[in-house]
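Peer 1: One structure coming up, written as structure tokens, with questions to follow.
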Amino acid sequence: MRFLDQFFQSLRRQILPSACIVCERFQQDSICTDCLQSLDADSLLNYECCYQCGITLNTLELAKQRCKQCSIHPPYFDVTYCLDRYEGALQHAIHQLKYQKRLAYAHGLANAWNHIFSIQLKNVLANYLLPVPLSTQKLSARGFNQSWEIARRITCNPSIQKLPWALKRHHHEFQQVGGRLAARHLAIQGVFYIDDHFIDLLGDQSIIIFDDVMTSGATLNEIARILKDNGASHVTNWVLLRTAKAPHV
Ligand SMILES: [Zn+2]
Ligand SMILES: [Zn+2]
């Protein structure tokens, strides 16, 4: 099967050129070598970031490898890995995927993740990987969950099982932009829950949450809170794009 997959992928590359998700030039892959190289050179992996929330650190925070915000108010999640800044080269691709519903961009974004992050995250061990869910209403309107469409295509340690349906989301209109961080934490409480079928499965387990964009961290914090309240032992965030600075903290 693996051989057949590789054969068809190679055949597709030969006869069906793709537009690069960053520079939009037609070539063989969903993201071109030049764009991958510049993304790799400028990704957040090259910067000192808070191990817990993934934000870039200032010089006073370097010794602890943790930002001031996480030191004062530790979030429920334990570790965060972010590929790139929200303001970086992949922002256009995320917008195309989410707002123009161009599903092909999920391939390119996963491709970028696999090229740049695969070695770094190869040895990250966990039991399960869960995408941040959309509500049923949002899912019907968009047609797909962008976090899952990327997460399902990323390479991770084979011992990590991907579970797209374990986390659920009520349809509350949660406004991401504006407001103080405390207000956003309050606004998102009760939005997520674990599907009854998965509650026993996730207890005492190490879990990775995959999100396309992390802004204030309120969403991921609430998900980690629910998971830990239900017995999860460790929560790691894998995030494609991180805003450079948590606004209004
Ligand atoms: Zn390109
Ligand atoms: Zn932090």
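Chain labels A, B, ... are given in the sequence in which chains occur in the structure tokens; within each chain residues are numbered consecutively from 1, and ligands are likewise numbered from 1 in the order shown.
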Go through chain A residue by residue and, counting only C-alpha atoms and all ligand atoms, keep those with an atom at most 10 Å from ligand 1; for each kept residue give the shortest atom pair and its distance in Å to one decimal, ordered by chain and increasing number, as a tab-separated table.

Peer 2:
residue	atom	partner	partner_atom_place_in_ligand_line	distance
A:Ala19	CA	ligand 1	1 (Zn)	7.9
A:Cys20	CA	ligand 1	1 (Zn)	4.6
A:Ile21	CA	ligand 1	1 (Zn)	6.6
A:Val22	CA	ligand 1	1 (Zn)	4.9
A:Cys23	CA	ligand 1	1 (Zn)	4.0
A:Glu24	CA	ligand 1	1 (Zn)	6.0
A:Arg25	CA	ligand 1	1 (Zn)	6.1
A:Phe26	CA	ligand 1	1 (Zn)	8.5
A:Gln27	CA	ligand 1	1 (Zn)	8.5
A:Asp29	CA	ligand 1	1 (Zn)	9.1
A:Ser30	CA	ligand 1	1 (Zn)	8.3
A:Ile31	CA	ligand 1	1 (Zn)	5.5
A:Cys32	CA	ligand 1	1 (Zn)	4.2
A:Thr33	CA	ligand 1	1 (Zn)	6.8
A:Asp34	CA	ligand 1	1 (Zn)	5.9
A:Cys35	CA	ligand 1	1 (Zn)	4.4
A:Leu36	CA	ligand 1	1 (Zn)	7.3
A:Gln37	CA	ligand 1	1 (Zn)	9.5
A:Ser38	CA	ligand 1	1 (Zn)	9.4
A:Leu39	CA	ligand 1	1 (Zn)	9.9
A:Ala89	CA	ligand 1	1 (Zn)	9.8

Peer 1: Go ahead and dump the residues you just picked, C-alpha atoms, as a PDB file, in the first residue's frame.

Peer 2:
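What follows is the written file part-v9.pdb:
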ATOM      1  CA  ALA A  19       0.324  26.095  -7.269  1.00  0.00           C
ATOM      2  CA  CYS A  20       2.625  26.720  -4.308  1.00  0.00           C
ATOM      3  CA  ILE A  21       0.466  27.815  -1.338  1.00  0.00           C
ATOM      4  CA  VAL A  22       2.889  30.676  -0.596  1.00  0.00           C
ATOM      5  CA  CYS A  23       4.185  32.143  -3.884  1.00  0.00           C
ATOM      6  CA  GLU A  24       1.429  30.596  -6.057  1.00  0.00           C
ATOM      7  CA  ARG A  25       3.849  29.580  -8.815  1.00  0.00           C
ATOM      8  CA  PHE A  26       2.995  26.344 -10.613  1.00  0.00           C
ATOM      9  CA  GLN A  27       5.466  23.573  -9.903  1.00  0.00           C
ATOM     10  CA  ASP A  29       4.485  20.297  -5.036  1.00  0.00           C
ATOM     11  CA  SER A  30       1.918  22.095  -2.912  1.00  0.00           C
ATOM     12  CA  ILE A  31       4.704  24.246  -1.443  1.00  0.00           C
ATOM     13  CA  CYS A  32       7.850  24.938  -3.439  1.00  0.00           C
ATOM     14  CA  THR A  33      11.430  24.376  -2.311  1.00  0.00           C
ATOM     15  CA  ASP A  34      12.266  28.112  -2.202  1.00  0.00           C
ATOM     16  CA  CYS A  35       9.272  28.907   0.020  1.00  0.00           C
ATOM     17  CA  LEU A  36      10.031  25.935   2.271  1.00  0.00           C
ATOM     18  CA  GLN A  37      13.584  27.139   2.686  1.00  0.00           C
ATOM     19  CA  SER A  38      12.606  30.682   3.605  1.00  0.00           C
ATOM     20  CA  LEU A  39       9.899  29.397   5.937  1.00  0.00           C
ATOM     21  CA  ALA A  89       4.312  33.513   4.976  1.00  0.00           C
TER      22      ALA A  89
END

Peer 1: Quick one: which chain A residues come within 6 Å of ligand 2, and what is the nearest atom pair for each with the distance in Å to one decimal, counting only C-alpha atoms and all ligand atoms, rows ordered by chain and ascending number, as a Markdown table?

Peer 2:
| residue | atom | partner | partner_atom_place_in_ligand_line | distance |
| --- | --- | --- | --- | --- |
| A:Cys50 | CA | ligand 2 | 1 (Zn) | 4.7 |
| A:Gln52 | CA | ligand 2 | 1 (Zn) | 5.1 |
| A:Cys53 | CA | ligand 2 | 1 (Zn) | 4.0 |
| A:Ile55 | CA | ligand 2 | 1 (Zn) | 5.8 |
| A:Arg66 | CA | ligand 2 | 1 (Zn) | 5.3 |
| A:Cys67 | CA | ligand 2 | 1 (Zn) | 4.1 |
| A:Gln69 | CA | ligand 2 | 1 (Zn) | 5.8 |
| A:Cys70 | CA | ligand 2 | 1 (Zn) | 4.3 |

Peer 1: Skipping near chain neighbours, those fewer than 2 positions away, what residues fall within 10 Å of Leu57 (chain A) using only C-alpha atoms, listed as a ChimeraX atom specification?

Peer 2: /A:47-51,54-55,59-68,245

Peer 1: Take the selection from the previous step and output its residues with C-alpha atoms, as an mmCIF file, in the first residue's frame.

Peer 2:
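The file below, result-v7.cif, is the result:
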data_model
loop_
_atom_site.group_PDB
_atom_site.id
_atom_site.type_symbol
_atom_site.label_atom_id
_atom_site.label_comp_id
_atom_site.auth_asym_id
_atom_site.auth_seq_id
_atom_site.Cartn_x
_atom_site.Cartn_y
_atom_site.Cartn_z
ATOM 1 C CA TYR A 47 13.670 31.722 18.203
ATOM 2 C CA GLU A 48 13.641 31.296 21.973
ATOM 3 C CA CYS A 49 10.022 30.677 22.846
ATOM 4 C CA CYS A 50 8.121 29.976 26.049
ATOM 5 C CA TYR A 51 8.009 26.191 26.395
ATOM 6 C CA GLY A 54 5.000 29.133 22.499
ATOM 7 C CA ILE A 55 5.323 32.925 22.578
ATOM 8 C CA THR A 59 15.712 38.682 27.445
ATOM 9 C CA LEU A 60 14.486 38.697 31.067
ATOM 10 C CA GLU A 61 12.503 35.525 30.445
ATOM 11 C CA LEU A 62 15.241 33.532 28.722
ATOM 12 C CA ALA A 63 16.689 31.885 31.831
ATOM 13 C CA LYS A 64 13.425 30.166 32.727
ATOM 14 C CA GLN A 65 12.410 29.504 29.090
ATOM 15 C CA ARG A 66 8.977 30.612 30.205
ATOM 16 C CA CYS A 67 7.127 33.881 29.664
ATOM 17 C CA LYS A 68 6.022 36.138 32.496
ATOM 18 C CA LYS A 245 2.136 38.762 21.097
#

Peer 1: Point out the residue among A:Ser233, A:Gln146, A:Gln189, A:Gln205 with the least atom-to-atom distance to Ala110 (chain A), counting only C-alpha atoms.

Peer 2: A:Gln146

Peer 1: Looking only at strand (DSSP E or B) from DSSP on the backbone, list the matching residues of region 4-223 of chain A as a PDB file with N, CA and C atoms, in the first residue's frame.

Peer 2:
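This went into out.pdb:
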ATOM      1  N   SER A  18       1.059  21.733  -9.196  1.00  0.00           N
ATOM      2  CA  SER A  18       0.286  22.435  -8.164  1.00  0.00           C
ATOM      3  C   SER A  18       0.758  23.874  -8.088  1.00  0.00           C
ATOM      4  N   ALA A  19      -0.126  24.738  -7.584  1.00  0.00           N
ATOM      5  CA  ALA A  19       0.324  26.095  -7.269  1.00  0.00           C
ATOM      6  C   ALA A  19       0.868  26.054  -5.848  1.00  0.00           C
ATOM      7  N   PHE A  26       3.267  27.748 -10.314  1.00  0.00           N
ATOM      8  CA  PHE A  26       2.995  26.344 -10.613  1.00  0.00           C
ATOM      9  C   PHE A  26       4.294  25.564 -10.640  1.00  0.00           C
ATOM     10  N   GLN A  27       4.295  24.448  -9.940  1.00  0.00           N
ATOM     11  CA  GLN A  27       5.466  23.573  -9.903  1.00  0.00           C
ATOM     12  C   GLN A  27       5.003  22.202  -9.403  1.00  0.00           C
ATOM     13  N   CYS A  49      11.448  30.520  22.563  1.00  0.00           N
ATOM     14  CA  CYS A  49      10.022  30.677  22.846  1.00  0.00           C
ATOM     15  C   CYS A  49       9.676  30.051  24.191  1.00  0.00           C
ATOM     16  N   THR A  56       7.266  34.171  21.771  1.00  0.00           N
ATOM     17  CA  THR A  56       8.698  34.499  21.816  1.00  0.00           C
ATOM     18  C   THR A  56       9.026  35.202  23.137  1.00  0.00           C
ATOM     19  N   VAL A  79       2.927  22.078  27.343  1.00  0.00           N
ATOM     20  CA  VAL A  79       3.942  22.442  26.353  1.00  0.00           C
ATOM     21  C   VAL A  79       3.250  22.902  25.070  1.00  0.00           C
ATOM     22  N   THR A  80       3.883  23.853  24.353  1.00  0.00           N
ATOM     23  CA  THR A  80       3.329  24.286  23.065  1.00  0.00           C
ATOM     24  C   THR A  80       4.439  24.366  22.020  1.00  0.00           C
ATOM     25  N   TYR A  81       4.190  23.767  20.865  1.00  0.00           N
ATOM     26  CA  TYR A  81       5.095  23.893  19.722  1.00  0.00           C
ATOM     27  C   TYR A  81       4.356  24.656  18.621  1.00  0.00           C
ATOM     28  N   CYS A  82       4.959  25.735  18.129  1.00  0.00           N
ATOM     29  CA  CYS A  82       4.333  26.506  17.046  1.00  0.00           C
ATOM     30  C   CYS A  82       5.282  26.544  15.856  1.00  0.00           C
ATOM     31  N   LEU A  83       4.720  26.365  14.670  1.00  0.00           N
ATOM     32  CA  LEU A  83       5.567  26.355  13.476  1.00  0.00           C
ATOM     33  C   LEU A  83       6.034  27.754  13.096  1.00  0.00           C
ATOM     34  N   ASP A  84       5.083  28.690  12.973  1.00  0.00           N
ATOM     35  CA  ASP A  84       5.457  30.011  12.467  1.00  0.00           C
ATOM     36  C   ASP A  84       4.552  31.084  13.067  1.00  0.00           C
ATOM     37  N   ARG A  85       4.923  32.322  12.805  1.00  0.00           N
ATOM     38  CA  ARG A  85       4.118  33.451  13.277  1.00  0.00           C
ATOM     39  C   ARG A  85       2.878  33.616  12.395  1.00  0.00           C
ATOM     40  N   TYR A 128      -2.634  10.298  22.181  1.00  0.00           N
ATOM     41  CA  TYR A 128      -3.639  10.708  21.192  1.00  0.00           C
ATOM     42  C   TYR A 128      -3.383  12.120  20.678  1.00  0.00           C
ATOM     43  N   LEU A 129      -3.827  12.353  19.464  1.00  0.00           N
ATOM     44  CA  LEU A 129      -3.796  13.705  18.883  1.00  0.00           C
ATOM     45  C   LEU A 129      -5.237  14.083  18.524  1.00  0.00           C
ATOM     46  N   LEU A 130      -5.691  15.217  19.066  1.00  0.00           N
ATOM     47  CA  LEU A 130      -7.069  15.668  18.841  1.00  0.00           C
ATOM     48  C   LEU A 130      -7.050  17.047  18.192  1.00  0.00           C
ATOM     49  N   PRO A 131      -7.802  17.248  17.123  1.00  0.00           N
ATOM     50  CA  PRO A 131      -7.887  18.610  16.575  1.00  0.00           C
ATOM     51  C   PRO A 131      -8.854  19.454  17.396  1.00  0.00           C
ATOM     52  N   GLN A 161      -2.257   8.076  18.265  1.00  0.00           N
ATOM     53  CA  GLN A 161      -3.498   7.826  17.512  1.00  0.00           C
ATOM     54  C   GLN A 161      -4.271   9.134  17.335  1.00  0.00           C
ATOM     55  N   LYS A 162      -4.701   9.400  16.109  1.00  0.00           N
ATOM     56  CA  LYS A 162      -5.467  10.630  15.858  1.00  0.00           C
ATOM     57  C   LYS A 162      -6.956  10.371  16.075  1.00  0.00           C
ATOM     58  N   LEU A 167     -13.310  15.358  20.914  1.00  0.00           N
ATOM     59  CA  LEU A 167     -13.670  16.664  21.485  1.00  0.00           C
ATOM     60  C   LEU A 167     -14.839  17.247  20.708  1.00  0.00           C
ATOM     61  N   LYS A 168     -15.739  17.890  21.436  1.00  0.00           N
ATOM     62  CA  LYS A 168     -16.907  18.511  20.789  1.00  0.00           C
ATOM     63  C   LYS A 168     -17.002  19.966  21.235  1.00  0.00           C
ATOM     64  N   ARG A 169     -17.738  20.722  20.439  1.00  0.00           N
ATOM     65  CA  ARG A 169     -17.878  22.146  20.744  1.00  0.00           C
ATOM     66  C   ARG A 169     -19.337  22.578  20.623  1.00  0.00           C
ATOM     67  N   PHE A 192     -16.454  23.678  25.255  1.00  0.00           N
ATOM     68  CA  PHE A 192     -15.982  22.355  24.794  1.00  0.00           C
ATOM     69  C   PHE A 192     -16.408  21.249  25.755  1.00  0.00           C
ATOM     70  N   TYR A 193     -16.528  20.053  25.233  1.00  0.00           N
ATOM     71  CA  TYR A 193     -16.774  18.878  26.081  1.00  0.00           C
ATOM     72  C   TYR A 193     -16.236  17.634  25.378  1.00  0.00           C
ATOM     73  N   ILE A 194     -16.037  16.590  26.169  1.00  0.00           N
ATOM     74  CA  ILE A 194     -15.529  15.337  25.602  1.00  0.00           C
ATOM     75  C   ILE A 194     -16.724  14.442  25.288  1.00  0.00           C
ATOM     76  N   SER A 206      -1.598  10.959  27.741  1.00  0.00           N
ATOM     77  CA  SER A 206      -0.901  12.152  27.274  1.00  0.00           C
ATOM     78  C   SER A 206      -1.497  12.547  25.914  1.00  0.00           C
ATOM     79  N   ILE A 207      -1.916  13.799  25.812  1.00  0.00           N
ATOM     80  CA  ILE A 207      -2.721  14.202  24.658  1.00  0.00           C
ATOM     81  C   ILE A 207      -2.118  15.413  23.950  1.00  0.00           C
ATOM     82  N   ILE A 208      -2.144  15.354  22.625  1.00  0.00           N
ATOM     83  CA  ILE A 208      -1.723  16.502  21.808  1.00  0.00           C
ATOM     84  C   ILE A 208      -2.982  17.136  21.221  1.00  0.00           C
ATOM     85  N   ILE A 209      -3.065  18.461  21.323  1.00  0.00           N
ATOM     86  CA  ILE A 209      -4.164  19.192  20.690  1.00  0.00           C
ATOM     87  C   ILE A 209      -3.582  19.939  19.498  1.00  0.00           C
ATOM     88  N   PHE A 210      -4.214  19.781  18.346  1.00  0.00           N
ATOM     89  CA  PHE A 210      -3.728  20.472  17.147  1.00  0.00           C
ATOM     90  C   PHE A 210      -4.657  21.638  16.817  1.00  0.00           C
ATOM     91  N   ASP A 211      -4.064  22.830  16.658  1.00  0.00           N
ATOM     92  CA  ASP A 211      -4.858  24.010  16.293  1.00  0.00           C
ATOM     93  C   ASP A 211      -4.171  24.730  15.130  1.00  0.00           C
ATOM     94  N   ASP A 212      -4.971  25.329  14.271  1.00  0.00           N
ATOM     95  CA  ASP A 212      -4.374  26.034  13.129  1.00  0.00           C
ATOM     96  C   ASP A 212      -3.769  27.373  13.549  1.00  0.00           C
ATOM     97  N   VAL A 213      -4.477  28.085  14.428  1.00  0.00           N
ATOM     98  CA  VAL A 213      -3.986  29.400  14.866  1.00  0.00           C
ATOM     99  C   VAL A 213      -4.181  29.542  16.376  1.00  0.00           C
ATOM    100  N   MET A 214      -3.148  30.013  17.065  1.00  0.00           N
ATOM    101  CA  MET A 214      -3.260  30.286  18.502  1.00  0.00           C
ATOM    102  C   MET A 214      -3.130  31.797  18.703  1.00  0.00           C
TER     103      MET A 214
END

Peer 1: Using only C-alpha atoms, determine which residues lie at most 8 Å from Leu220 (chain A), disregarding the query and same-chain residues fewer than 2 positions distant; provide the list as a list of chain:residue names.

Peer 2: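 Residues near the query, excluding close chain neighbours: A:Phe77, A:Val132, A:Ile209, A:Met214, A:Gly217, A:Ala218, A:Glu222, A:Ile223, A:Ala224, A:Asn237.
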
Peer 1: I'd like the interatomic distance between CA of Ile116 (chain A) and CA of Asp40 (chain A), to a tenth of an Å.

Peer 2: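 One can read the CA of Ile116 (chain A) to CA of Asp40 (chain A) distance as 6.0 Å.
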
Peer 1: Within 7 Å of region 86-88 of chain A, counting only C-alpha atoms, which residues qualify if same-chain residues fewer than 6 places away don't, as a VMD selection string?

Peer 2: chain A and resid 241 to 244

Peer 1: Pick from A:Arg153, A:His92, A:Lys138, A:Lys98: nearest to Trp113 (chain A), with only C-alpha atoms counted?

Peer 2: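 The closest residue to Trp113 (chain A) is A:Arg153.
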
Peer 1: How many Å separate CA of Phe7 (chain A) from CA of Asn111 (chain A)?

Peer 2: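 Pair CA of Phe7 (chain A) / CA of Asn111 (chain A) returns 17.5 Å.
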
Peer 1: Measure the distance from CA of Ile188 (chain A) to CA of Thr219 (chain A) in Å and round it to one decimal.

Peer 2: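 So the two atoms, CA of Ile188 (chain A) and CA of Thr219 (chain A), lie 6.8 Å apart.
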
Peer 1: Taking only C-alpha atoms into account, name the residue in A:Thr155, A:Gln96, A:Asn145, A:Gln137 that is nearest to Ile119 (chain A).

Peer 2: A:Thr155
